[in-house]
$ cat run05.pdb   # PDB, C-alpha atoms, pLDDT in the B column
ATOM      1  CA  MET A  13      48.114 -99.014 116.112  1.00 58.00           C
ATOM      2  CA  LYS A  14      47.259 -98.573 119.774  1.00 77.00           C
ATOM      3  CA  ASN A  15      48.330 -95.523 121.754  1.00 88.00           C
ATOM      4  CA  VAL A  16      48.632 -96.971 125.260  1.00 93.00           C
ATOM      5  CA  PHE A  17      51.676 -98.251 127.110  1.00 96.00           C
ATOM      6  CA  GLN A  18      52.302 -99.263 130.701  1.00 96.00           C
ATOM      7  CA  LEU A  19      55.412 -98.451 132.707  1.00 96.00           C
ATOM      8  CA  PRO A  20      56.628-100.986 135.290  1.00 95.00           C
ATOM      9  CA  ASP A  21      57.309 -98.741 138.300  1.00 93.00           C
ATOM     10  CA  GLN A  22      57.619 -95.202 139.616  1.00 94.00           C
ATOM     11  CA  GLU A  23      61.348 -95.168 138.907  1.00 94.00           C
ATOM     12  CA  SER A  24      60.587 -95.621 135.207  1.00 95.00           C
ATOM     13  CA  VAL A  25      57.972 -92.869 135.364  1.00 96.00           C
ATOM     14  CA  ALA A  26      60.482 -90.474 136.946  1.00 95.00           C
ATOM     15  CA  ASP A  27      63.178 -91.427 134.457  1.00 96.00           C
ATOM     16  CA  LEU A  28      60.966 -90.718 131.444  1.00 97.00           C
ATOM     17  CA  GLN A  29      59.786 -87.482 133.061  1.00 97.00           C
ATOM     18  CA  SER A  30      63.352 -86.278 133.592  1.00 97.00           C
ATOM     19  CA  TYR A  31      64.327 -87.017 130.007  1.00 97.00           C
ATOM     20  CA  LEU A  32      61.303 -85.259 128.533  1.00 98.00           C
ATOM     21  CA  GLN A  33      61.665 -82.274 130.875  1.00 97.00           C
ATOM     22  CA  ARG A  34      65.199 -81.793 129.605  1.00 97.00           C
ATOM     23  CA  ALA A  35      64.028 -82.133 126.013  1.00 96.00           C
ATOM     24  CA  LYS A  36      61.309 -79.539 126.621  1.00 96.00           C
ATOM     25  CA  ARG A  37      63.861 -77.091 128.025  1.00 95.00           C
ATOM     26  CA  LEU A  38      65.843 -77.419 124.787  1.00 92.00           C
ATOM     27  CA  ASP A  39      62.690 -77.034 122.682  1.00 91.00           C
ATOM     28  CA  PRO A  40      59.696 -75.651 124.633  1.00 90.00           C
ATOM     29  CA  ASP A  41      57.253 -76.512 121.831  1.00 90.00           C
ATOM     30  CA  GLY A  42      58.956 -79.794 121.006  1.00 93.00           C
ATOM     31  CA  MET A  43      57.446 -83.114 119.995  1.00 96.00           C
ATOM     32  CA  VAL A  44      58.393 -86.652 120.963  1.00 97.00           C
ATOM     33  CA  ARG A  45      58.037 -89.769 118.841  1.00 96.00           C
ATOM     34  CA  LEU A  46      57.162 -92.781 120.970  1.00 96.00           C
ATOM     35  CA  ARG A  47      57.605 -96.232 119.449  1.00 94.00           C
ATOM     36  CA  ALA A  48      57.021 -99.632 120.994  1.00 94.00           C
ATOM     37  CA  PHE A  49      56.719-103.027 119.356  1.00 90.00           C
ATOM     38  CA  GLY A  50      56.958-105.338 122.320  1.00 93.00           C
ATOM     39  CA  THR A  51      58.189-104.497 125.796  1.00 96.00           C
ATOM     40  CA  VAL A  52      60.647-101.701 124.963  1.00 96.00           C
ATOM     41  CA  LEU A  53      59.585 -98.085 124.512  1.00 96.00           C
ATOM     42  CA  ALA A  54      61.799 -95.812 122.404  1.00 96.00           C
ATOM     43  CA  ALA A  55      61.407 -92.064 122.876  1.00 97.00           C
ATOM     44  CA  TYR A  56      62.876 -89.831 120.142  1.00 96.00           C
ATOM     45  CA  VAL A  57      63.216 -86.055 120.428  1.00 96.00           C
ATOM     46  CA  ALA A  58      64.811 -83.486 118.120  1.00 94.00           C
ATOM     47  CA  PRO A  59      66.785 -80.823 120.012  1.00 92.00           C
ATOM     48  CA  ILE A  60      68.247 -79.533 116.732  1.00 90.00           C
ATOM     49  CA  TYR A  61      66.477 -79.726 113.401  1.00 86.00           C
ATOM     50  CA  SER A  62      66.778 -77.499 110.356  1.00 70.00           C
ATOM     51  CA  GLY A  63      63.025 -77.578 109.726  1.00 56.00           C
ATOM     52  CA  ASN A  64      63.224 -78.670 106.107  1.00 46.00           C
ATOM     53  CA  LEU A  65      63.872 -82.160 104.752  1.00 40.00           C
ATOM     54  CA  MET A  66      65.704 -80.614 101.796  1.00 40.00           C
ATOM     55  CA  ASP A  67      67.809 -78.328 103.973  1.00 49.00           C
ATOM     56  CA  SER A  68      71.494 -79.049 104.520  1.00 56.00           C
ATOM     57  CA  GLY A  69      71.277 -77.872 108.126  1.00 70.00           C
ATOM     58  CA  PRO A  70      71.973 -80.175 111.052  1.00 85.00           C
ATOM     59  CA  THR A  71      69.605 -82.863 112.261  1.00 89.00           C
ATOM     60  CA  VAL A  72      70.256 -84.117 115.793  1.00 94.00           C
ATOM     61  CA  LEU A  73      67.958 -86.591 117.528  1.00 96.00           C
ATOM     62  CA  GLY A  74      67.960 -87.865 121.076  1.00 97.00           C
ATOM     63  CA  LEU A  75      66.908 -91.424 121.906  1.00 97.00           C
ATOM     64  CA  ARG A  76      66.195 -92.990 125.265  1.00 96.00           C
ATOM     65  CA  THR A  77      64.587 -96.354 125.843  1.00 95.00           C
ATOM     66  CA  CYS A  78      62.784 -97.923 128.774  1.00 94.00           C
ATOM     67  CA  GLU A  79      61.214-101.246 129.622  1.00 95.00           C
ATOM     68  CA  LEU A  80      57.449-101.678 129.656  1.00 96.00           C
ATOM     69  CA  SER A  81      55.511-103.974 131.963  1.00 95.00           C
ATOM     70  CA  ALA A  82      53.440-105.361 129.073  1.00 93.00           C
ATOM     71  CA  GLU A  83      53.800-105.623 125.322  1.00 94.00           C
ATOM     72  CA  ALA A  84      52.551-102.599 123.410  1.00 94.00           C
ATOM     73  CA  GLU A  85      52.184-101.360 119.844  1.00 93.00           C
ATOM     74  CA  VAL A  86      52.808 -97.628 119.715  1.00 95.00           C
ATOM     75  CA  ASP A  87      54.051 -95.273 117.014  1.00 94.00           C
ATOM     76  CA  SER A  88      52.892 -91.750 117.851  1.00 95.00           C
ATOM     77  CA  VAL A  89      54.248 -88.236 117.498  1.00 96.00           C
ATOM     78  CA  VAL A  90      52.839 -86.042 120.253  1.00 97.00           C
ATOM     79  CA  PRO A  91      53.733 -82.837 122.122  1.00 97.00           C
ATOM     80  CA  ILE A  92      56.259 -83.383 124.896  1.00 97.00           C
ATOM     81  CA  ALA A  93      54.053 -81.274 127.164  1.00 97.00           C
ATOM     82  CA  ALA A  94      51.126 -83.665 126.683  1.00 97.00           C
ATOM     83  CA  VAL A  95      53.183 -86.684 127.732  1.00 97.00           C
ATOM     84  CA  LEU A  96      54.558 -84.823 130.748  1.00 97.00           C
ATOM     85  CA  ASP A  97      51.009 -83.975 131.825  1.00 96.00           C
ATOM     86  CA  ARG A  98      50.059 -87.641 131.708  1.00 96.00           C
ATOM     87  CA  LEU A  99      53.182 -88.745 133.552  1.00 96.00           C
ATOM     88  CA  ALA A 100      52.512 -86.187 136.289  1.00 95.00           C
ATOM     89  CA  LYS A 101      49.072 -87.737 136.892  1.00 93.00           C
ATOM     90  CA  ILE A 102      50.502 -91.222 137.506  1.00 94.00           C
ATOM     91  CA  SER A 103      53.598 -90.160 139.449  1.00 92.00           C
ATOM     92  CA  GLN A 104      52.052 -90.694 142.884  1.00 84.00           C
ATOM     93  CA  PRO A 105      53.873 -93.126 145.238  1.00 80.00           C
ATOM     94  CA  ASN A 106      50.804 -95.329 145.852  1.00 81.00           C
ATOM     95  CA  ASN A 107      49.498 -95.269 142.301  1.00 84.00           C
ATOM     96  CA  LYS A 108      49.268 -98.800 140.891  1.00 85.00           C
ATOM     97  CA  ASP A 109      47.970 -97.920 137.433  1.00 90.00           C
ATOM     98  CA  LEU A 110      51.009 -96.743 135.474  1.00 94.00           C
ATOM     99  CA  SER A 111      49.432 -96.850 132.038  1.00 94.00           C
ATOM    100  CA  VAL A 112      49.797 -93.861 129.711  1.00 95.00           C
ATOM    101  CA  THR A 113      47.192 -93.121 127.054  1.00 95.00           C
ATOM    102  CA  LEU A 114      48.546 -90.810 124.381  1.00 95.00           C
ATOM    103  CA  PRO A 115      46.599 -88.150 122.479  1.00 94.00           C
ATOM    104  CA  ALA A 116      46.078 -88.435 118.741  1.00 93.00           C
ATOM    105  CA  SER A 117      49.296 -88.551 116.771  1.00 92.00           C
ATOM    106  CA  GLU A 118      50.390 -85.307 115.109  1.00 93.00           C
ATOM    107  CA  ARG A 119      52.979 -84.335 112.514  1.00 90.00           C
ATOM    108  CA  ALA A 120      56.593 -83.325 112.997  1.00 90.00           C
ATOM    109  CA  PRO A 121      58.843 -82.944 109.949  1.00 86.00           C
ATOM    110  CA  TRP A 122      61.807 -84.573 111.660  1.00 89.00           C
ATOM    111  CA  ALA A 123      59.768 -87.675 112.543  1.00 87.00           C
ATOM    112  CA  GLY A 124      59.933 -88.661 108.888  1.00 83.00           C
ATOM    113  CA  ILE A 125      63.695 -89.029 109.147  1.00 83.00           C
ATOM    114  CA  SER A 126      64.680 -92.583 110.049  1.00 79.00           C
ATOM    115  CA  PRO A 127      68.242 -93.216 111.219  1.00 87.00           C
ATOM    116  CA  PRO A 128      69.560 -96.689 110.360  1.00 87.00           C
ATOM    117  CA  ARG A 129      68.515 -99.439 112.760  1.00 84.00           C
ATOM    118  CA  THR A 130      71.357-101.757 111.710  1.00 88.00           C
ATOM    119  CA  GLY A 131      74.774-101.534 110.090  1.00 91.00           C
ATOM    120  CA  TRP A 132      76.420 -99.359 112.744  1.00 95.00           C
ATOM    121  CA  LEU A 133      80.210 -99.663 112.850  1.00 95.00           C
ATOM    122  CA  GLU A 134      82.380 -98.696 115.810  1.00 95.00           C
ATOM    123  CA  ALA A 135      84.386 -95.553 115.087  1.00 94.00           C
ATOM    124  CA  GLY A 136      86.170 -94.789 118.346  1.00 95.00           C
ATOM    125  CA  ILE A 137      85.386 -93.130 121.650  1.00 96.00           C
ATOM    126  CA  ILE A 138      85.191 -89.590 122.988  1.00 96.00           C
ATOM    127  CA  GLY A 139      85.393 -88.471 126.587  1.00 96.00           C
ATOM    128  CA  GLU A 140      82.498 -86.939 128.505  1.00 96.00           C
ATOM    129  CA  SER A 141      84.628 -83.950 129.529  1.00 96.00           C
ATOM    130  CA  GLU A 142      85.425 -83.164 125.890  1.00 96.00           C
ATOM    131  CA  LEU A 143      81.772 -83.368 124.844  1.00 96.00           C
ATOM    132  CA  THR A 144      80.711 -81.206 127.779  1.00 97.00           C
ATOM    133  CA  GLN A 145      83.301 -78.548 126.905  1.00 96.00           C
ATOM    134  CA  ILE A 146      82.298 -78.588 123.226  1.00 95.00           C
ATOM    135  CA  ALA A 147      78.673 -78.054 124.248  1.00 95.00           C
ATOM    136  CA  LYS A 148      79.603 -75.143 126.539  1.00 96.00           C
ATOM    137  CA  ASP A 149      81.768 -73.530 123.855  1.00 94.00           C
ATOM    138  CA  GLY A 150      78.953 -73.877 121.318  1.00 92.00           C
ATOM    139  CA  ILE A 151      76.421 -72.262 123.650  1.00 91.00           C
ATOM    140  CA  ASP A 152      78.833 -69.371 124.268  1.00 92.00           C
ATOM    141  CA  GLU A 153      79.432 -68.955 120.527  1.00 90.00           C
ATOM    142  CA  VAL A 154      75.701 -68.832 119.821  1.00 87.00           C
ATOM    143  CA  LYS A 155      75.262 -66.129 122.481  1.00 85.00           C
ATOM    144  CA  GLU A 156      78.190 -64.104 121.156  1.00 86.00           C
ATOM    145  CA  THR A 157      77.296 -64.463 117.482  1.00 83.00           C
ATOM    146  CA  LEU A 158      73.548 -64.023 117.644  1.00 72.00           C
ATOM    147  CA  PRO A 159      72.368 -60.492 118.485  1.00 67.00           C
ATOM    148  CA  GLU A 160      69.218 -60.394 120.600  1.00 63.00           C
ATOM    149  CA  SER A 161      67.418 -58.400 117.923  1.00 53.00           C
ATOM    150  CA  VAL A 162      67.925 -61.080 115.260  1.00 54.00           C
ATOM    151  CA  GLY A 163      65.229 -63.701 114.853  1.00 57.00           C
ATOM    152  CA  GLY A 164      63.545 -65.942 112.329  1.00 60.00           C
ATOM    153  CA  PRO A 165      65.467 -67.440 109.403  1.00 65.00           C
ATOM    154  CA  ILE A 166      68.673 -65.497 110.095  1.00 67.00           C
ATOM    155  CA  ALA A 167      68.878 -66.781 113.658  1.00 70.00           C
ATOM    156  CA  ALA A 168      68.115 -70.318 112.505  1.00 74.00           C
ATOM    157  CA  ARG A 169      70.876 -70.114 109.893  1.00 77.00           C
ATOM    158  CA  ILE A 170      73.447 -68.881 112.409  1.00 76.00           C
ATOM    159  CA  ARG A 171      72.537 -71.623 114.905  1.00 81.00           C
ATOM    160  CA  GLY A 172      72.648 -74.188 112.116  1.00 82.00           C
ATOM    161  CA  GLU A 173      76.138 -73.130 111.078  1.00 86.00           C
ATOM    162  CA  ILE A 174      77.413 -73.473 114.644  1.00 88.00           C
ATOM    163  CA  TRP A 175      75.655 -76.711 115.608  1.00 90.00           C
ATOM    164  CA  GLY A 176      76.279 -78.321 112.208  1.00 89.00           C
ATOM    165  CA  ARG A 177      80.029 -77.737 112.255  1.00 91.00           C
ATOM    166  CA  ALA A 178      82.269 -80.735 112.927  1.00 92.00           C
ATOM    167  CA  ILE A 179      83.882 -80.865 116.364  1.00 91.00           C
ATOM    168  CA  GLY A 180      87.297 -81.406 114.772  1.00 86.00           C
ATOM    169  CA  PHE A 181      89.000 -81.298 111.378  1.00 74.00           C
ATOM    170  CA  GLU A 182      88.740 -85.049 110.744  1.00 81.00           C
ATOM    171  CA  SER A 183      85.596 -85.657 112.784  1.00 86.00           C
ATOM    172  CA  LYS A 184      82.128 -86.414 111.422  1.00 90.00           C
ATOM    173  CA  ILE A 185      80.446 -85.502 114.715  1.00 94.00           C
ATOM    174  CA  PRO A 186      78.555 -82.202 114.560  1.00 94.00           C
ATOM    175  CA  THR A 187      78.901 -79.802 117.474  1.00 94.00           C
ATOM    176  CA  GLY A 188      75.151 -80.109 117.993  1.00 94.00           C
ATOM    177  CA  ALA A 189      75.539 -83.767 118.967  1.00 96.00           C
ATOM    178  CA  ALA A 190      77.644 -82.732 121.961  1.00 96.00           C
ATOM    179  CA  PHE A 191      75.046 -80.097 122.850  1.00 95.00           C
ATOM    180  CA  ALA A 192      72.243 -82.684 122.742  1.00 96.00           C
ATOM    181  CA  ALA A 193      74.162 -85.294 124.732  1.00 97.00           C
ATOM    182  CA  ALA A 194      74.854 -82.791 127.492  1.00 96.00           C
ATOM    183  CA  GLY A 195      71.481 -81.054 127.402  1.00 96.00           C
ATOM    184  CA  LEU A 196      69.462 -84.277 127.501  1.00 97.00           C
ATOM    185  CA  GLY A 197      71.392 -85.559 130.509  1.00 96.00           C
ATOM    186  CA  PHE A 198      72.953 -88.526 128.732  1.00 97.00           C
ATOM    187  CA  LEU A 199      76.479 -88.022 130.035  1.00 96.00           C
ATOM    188  CA  THR A 200      78.024 -89.380 133.222  1.00 95.00           C
ATOM    189  CA  GLU A 201      81.116 -87.675 134.612  1.00 94.00           C
ATOM    190  CA  ASN A 202      84.367 -89.022 133.145  1.00 94.00           C
ATOM    191  CA  GLU A 203      82.693 -91.720 131.041  1.00 96.00           C
ATOM    192  CA  GLU A 204      83.928 -92.672 127.578  1.00 97.00           C
ATOM    193  CA  VAL A 205      81.197 -92.358 124.964  1.00 97.00           C
ATOM    194  CA  GLN A 206      81.193 -94.809 122.073  1.00 97.00           C
ATOM    195  CA  ILE A 207      81.029 -93.451 118.514  1.00 97.00           C
ATOM    196  CA  TYR A 208      79.299 -95.372 115.705  1.00 96.00           C
ATOM    197  CA  LEU A 209      78.872 -94.613 112.000  1.00 95.00           C
ATOM    198  CA  SER A 210      76.297 -95.855 109.498  1.00 92.00           C
ATOM    199  CA  ASP A 211      75.746 -94.360 106.052  1.00 85.00           C
ATOM    200  CA  SER A 212      75.384 -90.603 106.543  1.00 89.00           C
ATOM    201  CA  TRP A 213      74.739 -90.847 110.290  1.00 94.00           C
ATOM    202  CA  VAL A 214      76.841 -90.771 113.432  1.00 95.00           C
ATOM    203  CA  ARG A 215      75.710 -92.076 116.817  1.00 96.00           C
ATOM    204  CA  LEU A 216      76.994 -91.247 120.272  1.00 97.00           C
ATOM    205  CA  SER A 217      76.038 -93.952 122.770  1.00 97.00           C
ATOM    206  CA  ALA A 218      76.356 -92.884 126.392  1.00 96.00           C
ATOM    207  CA  SER A 219      75.253 -94.560 129.587  1.00 92.00           C
ATOM    208  CA  HIS A 220      71.904 -92.731 129.698  1.00 95.00           C
ATOM    209  CA  GLY A 221      70.945 -92.486 126.042  1.00 96.00           C
ATOM    210  CA  HIS A 222      71.918 -92.085 122.416  1.00 97.00           C
ATOM    211  CA  VAL A 223      72.364 -89.105 120.107  1.00 97.00           C
ATOM    212  CA  LEU A 224      71.852 -89.732 116.398  1.00 96.00           C
ATOM    213  CA  ALA A 225      72.949 -87.010 114.002  1.00 94.00           C
ATOM    214  CA  LYS A 226      73.538 -86.433 110.325  1.00 91.00           C
ATOM    215  CA  ILE A 227      77.295 -86.380 109.863  1.00 90.00           C
ATOM    216  CA  ALA A 228      78.993 -82.987 109.809  1.00 86.00           C
ATOM    217  CA  VAL A 229      79.956 -81.858 106.316  1.00 71.00           C
ATOM    218  CA  ARG A 230      82.398 -79.137 107.245  1.00 67.00           C
ATOM    219  CA  PRO A 231      84.965 -78.421 109.992  1.00 59.00           C
TER     220      PRO A 231
END
$ encode --input "run05.pdb" --output "C-alpha cells"
Amino acid sequence: MKNVFQLPDQESVADLQSYLQRAKRLDPDGMVRLRAFGTVLAAYVAPIYSGNLMDSGPTVLGLRTCELSAEAEVDSVVPIAAVLDRLAKISQPNNKDLSVTLPASERAPWAGISPPRTGWLEAGIIGESELTQIAKDGIDEVKETLPESVGGPIAARIRGEIWGRAIGFESKIPTGAAFAAAGLGFLTENEEVQIYLSDSWVRLSASHGHVLAKIAVRP
C-alpha cells in the first residue's frame, strides 16, 4: 500500500487543511485515517470516541472526501498534525507539486471500527439550526457538569453520558453527532441535513461532509 496522494489544486489543499484544522481543535492529539482506492480520498477523524472497543460510550466519526488528480492506493492512520505540516509546505500559490507523502501508519483504536459502506436507508431530515443549537446546549452542559478539577476517567464518563445521549426521545442520533457536524464545519446555514440508518449506525449527510455515529441507546 502506497502512502502518497496528489491533490488537484490549491483550493483542494485549503479545503483539506480547513477540515483537519477543525478536527485538531476538537482533538489536539487526534489522528486521521486517509483512504484512497482510485481518485477519491476519504479522510476520517474521531471527534468523540470512548477509547475502548468494548465500551458502550459514544463513537462519532467525521468523514470528508476530496478528488485526487491521479489514482492512488492509500490506507494510513497518521497524526492530524503531521498531515497539516505537509499541507502547509505545498500551500504556496505558485507551487505545482501538490503531492503529499504520508509518514508511517500508526495505530488508533477507533480506526478499527468500520461503519457500513452500503445498506443505508433514508430516515428523515433535520435542520441545521436545530443541530447547531443541540451542539451549543451540549457544550454548555459539559461546562456546567464537569468541574475543572475533575479529569481522567470521571471526566470521560461524564462527557460520554452527555454526547452519547439521544437528541430526542424517539431519535437514534446521539448529541455528539450534532457537536461533530457543527465543530467540523459541515453545516451550511438553514440547510436540511439528511439522516440515514444502517445496522447500529446513523449518518448525518450535510453539504460539507458526513458524520457517522453509533446509534444512541438512551434519551
$ atom_distance --input "run05.pdb" --atom1 "CA of Glu203 (chain A)" --atom2 "CA of Leu32 (chain A)"
22.5 Å
$ closest_atom_pairs --input "run05.pdb" --of "region 81-131 of chain A" --to "region 51-65 of chain A" --cutoff "12 Å" --atoms "all atoms listed in the file" --output "JSON lines"
{"residue": "A:Ser81", "atom": "CA", "partner": "A:Thr51", "partner_atom": "CA", "distance": 6.7}
{"residue": "A:Ala82", "atom": "CA", "partner": "A:Thr51", "partner_atom": "CA", "distance": 5.8}
{"residue": "A:Glu83", "atom": "CA", "partner": "A:Thr51", "partner_atom": "CA", "distance": 4.6}
{"residue": "A:Ala84", "atom": "CA", "partner": "A:Thr51", "partner_atom": "CA", "distance": 6.4}
{"residue": "A:Glu85", "atom": "CA", "partner": "A:Thr51", "partner_atom": "CA", "distance": 9.0}
{"residue": "A:Val86", "atom": "CA", "partner": "A:Leu53", "partner_atom": "CA", "distance": 8.3}
{"residue": "A:Asp87", "atom": "CA", "partner": "A:Ala54", "partner_atom": "CA", "distance": 9.5}
{"residue": "A:Ser88", "atom": "CA", "partner": "A:Ala55", "partner_atom": "CA", "distance": 9.9}
{"residue": "A:Val89", "atom": "CA", "partner": "A:Tyr56", "partner_atom": "CA", "distance": 9.2}
{"residue": "A:Val90", "atom": "CA", "partner": "A:Val57", "partner_atom": "CA", "distance": 10.4}
{"residue": "A:Pro91", "atom": "CA", "partner": "A:Val57", "partner_atom": "CA", "distance": 10.2}
{"residue": "A:Ile92", "atom": "CA", "partner": "A:Val57", "partner_atom": "CA", "distance": 8.7}
{"residue": "A:Val95", "atom": "CA", "partner": "A:Ala55", "partner_atom": "CA", "distance": 11.0}
{"residue": "A:Val112", "atom": "CA", "partner": "A:Leu53", "partner_atom": "CA", "distance": 11.9}
{"residue": "A:Ala120", "atom": "CA", "partner": "A:Gly63", "partner_atom": "CA", "distance": 9.2}
{"residue": "A:Pro121", "atom": "CA", "partner": "A:Gly63", "partner_atom": "CA", "distance": 6.8}
{"residue": "A:Trp122", "atom": "CA", "partner": "A:Tyr61", "partner_atom": "CA", "distance": 7.0}
{"residue": "A:Ala123", "atom": "CA", "partner": "A:Tyr56", "partner_atom": "CA", "distance": 8.5}
{"residue": "A:Gly124", "atom": "CA", "partner": "A:Leu65", "partner_atom": "CA", "distance": 8.7}
{"residue": "A:Ile125", "atom": "CA", "partner": "A:Leu65", "partner_atom": "CA", "distance": 8.2}
{"residue": "A:Ser126", "atom": "CA", "partner": "A:Tyr56", "partner_atom": "CA", "distance": 10.6}
{"residue": "A:Pro127", "atom": "CA", "partner": "A:Tyr56", "partner_atom": "CA", "distance": 10.9}
$ resolve_selection --input "run05.pdb" --expression "the PyMOL selection byres ((chain A and resi 38) around 9)" --output "number ranges by chain"
A: 33-37, 39-40, 42, 59-60, 192, 195-196
$ resolve_selection --input "run05.pdb" --expression "the PyMOL selection byres ((chain A and resi 147-160) around 12)" --output "VMD selection string"
chain A and resid 38 140 to 146 161 to 164 166 to 179 186 to 196 199
$ atom_distance --input "run05.pdb" --atom1 "CA of Asp109 (chain A)" --atom2 "CA of Ala94 (chain A)"
18.1 Å
$ resolve_selection --input "run05.pdb" --expression "the PyMOL selection byres ((chain A and resi 207) around 7)" --output "list in words"
Glu134, Ala135, Gly136, Ile137, Val205, Gln206, Tyr208, Leu209, Arg215, Leu216 and Ser217 of chain A
$ atom_distance --input "run05.pdb" --atom1 "CA of Val214 (chain A)" --atom2 "CA of Gly197 (chain A)"
18.7 Å
$ closest_residue --input "run05.pdb" --among "A:Ser219, A:Asn15, A:Thr200, A:Thr130" --to "Ser117 (chain A)" --atoms "all atoms listed in the file"
A:Asn15
$ decode --input "run05.pdb" --residues "region 123-195 of chain A" --atoms "C-alpha atoms" --output "CSV table (one decimal), in the first residue's frame"
chain,number,residue,atom,x,y,z
A,123,ALA,CA,-9.7,3.2,13.1
A,124,GLY,CA,-10.6,-0.5,13.6
A,125,ILE,CA,-14.3,0.5,13.6
A,126,SER,CA,-15.8,0.3,10.2
A,127,PRO,CA,-19.2,1.9,9.6
A,128,PRO,CA,-21.3,0.2,6.8
A,129,ARG,CA,-20.4,1.2,3.3
A,130,THR,CA,-23.7,0.1,1.9
A,131,GLY,CA,-27.3,-0.6,3.1
A,132,TRP,CA,-28.0,3.0,4.3
A,133,LEU,CA,-31.7,3.8,4.4
A,134,GLU,CA,-33.2,7.3,4.5
A,135,ALA,CA,-34.6,8.2,7.9
A,136,GLY,CA,-35.7,11.8,7.6
A,137,ILE,CA,-34.1,15.2,7.8
A,138,ILE,CA,-33.0,17.6,10.5
A,139,GLY,CA,-32.4,21.3,10.2
A,140,GLU,CA,-29.0,23.0,10.5
A,141,SER,CA,-30.4,25.4,13.2
A,142,GLU,CA,-31.6,22.5,15.3
A,143,LEU,CA,-28.2,20.7,15.1
A,144,THR,CA,-26.3,23.9,15.9
A,145,GLN,CA,-28.5,24.6,19.0
A,146,ILE,CA,-28.1,21.0,20.2
A,147,ALA,CA,-24.3,21.3,19.9
A,148,LYS,CA,-24.3,24.6,21.8
A,149,ASP,CA,-26.5,23.2,24.5
A,150,GLY,CA,-24.3,20.1,24.8
A,151,ILE,CA,-21.1,22.2,25.1
A,152,ASP,CA,-22.8,24.3,27.8
A,153,GLU,CA,-23.9,21.2,29.7
A,154,VAL,CA,-20.4,19.8,29.6
A,155,LYS,CA,-19.0,23.0,31.1
A,156,GLU,CA,-21.7,23.2,33.8
A,157,THR,CA,-21.5,19.5,34.7
A,158,LEU,CA,-17.8,19.0,34.6
A,159,PRO,CA,-15.8,20.7,37.4
A,160,GLU,CA,-12.4,22.0,36.3
A,161,SER,CA,-10.7,19.8,39.0
A,162,VAL,CA,-12.1,16.6,37.6
A,163,GLY,CA,-10.1,14.7,35.0
A,164,GLY,CA,-9.3,11.3,33.7
A,165,PRO,CA,-11.9,8.5,33.6
A,166,ILE,CA,-14.5,10.5,35.5
A,167,ALA,CA,-14.4,13.4,33.0
A,168,ALA,CA,-14.5,10.9,30.1
A,169,ARG,CA,-17.6,9.2,31.6
A,170,ILE,CA,-19.4,12.5,32.1
A,171,ARG,CA,-18.6,13.6,28.5
A,172,GLY,CA,-19.7,10.2,27.2
A,173,GLU,CA,-23.0,10.4,29.0
A,174,ILE,CA,-23.8,13.8,27.5
A,175,TRP,CA,-22.5,13.2,24.0
A,176,GLY,CA,-24.0,9.7,23.8
A,177,ARG,CA,-27.5,10.7,24.8
A,178,ALA,CA,-30.1,10.8,22.1
A,179,ILE,CA,-31.2,14.3,20.8
A,180,GLY,CA,-34.8,13.4,21.3
A,181,PHE,CA,-37.0,10.7,22.9
A,182,GLU,CA,-37.6,8.7,19.7
A,183,SER,CA,-34.3,9.7,18.0
A,184,LYS,CA,-31.3,7.5,17.4
A,185,ILE,CA,-29.0,10.4,16.8
A,186,PRO,CA,-26.5,11.0,19.7
A,187,THR,CA,-26.0,14.6,20.8
A,188,GLY,CA,-22.3,14.1,19.9
A,189,ALA,CA,-23.2,13.8,16.2
A,190,ALA,CA,-24.6,17.4,16.3
A,191,PHE,CA,-21.4,18.5,18.1
A,192,ALA,CA,-19.2,16.9,15.4
A,193,ALA,CA,-21.3,18.3,12.5
A,194,ALA,CA,-21.0,21.8,13.8
A,195,GLY,CA,-17.4,21.6,15.1
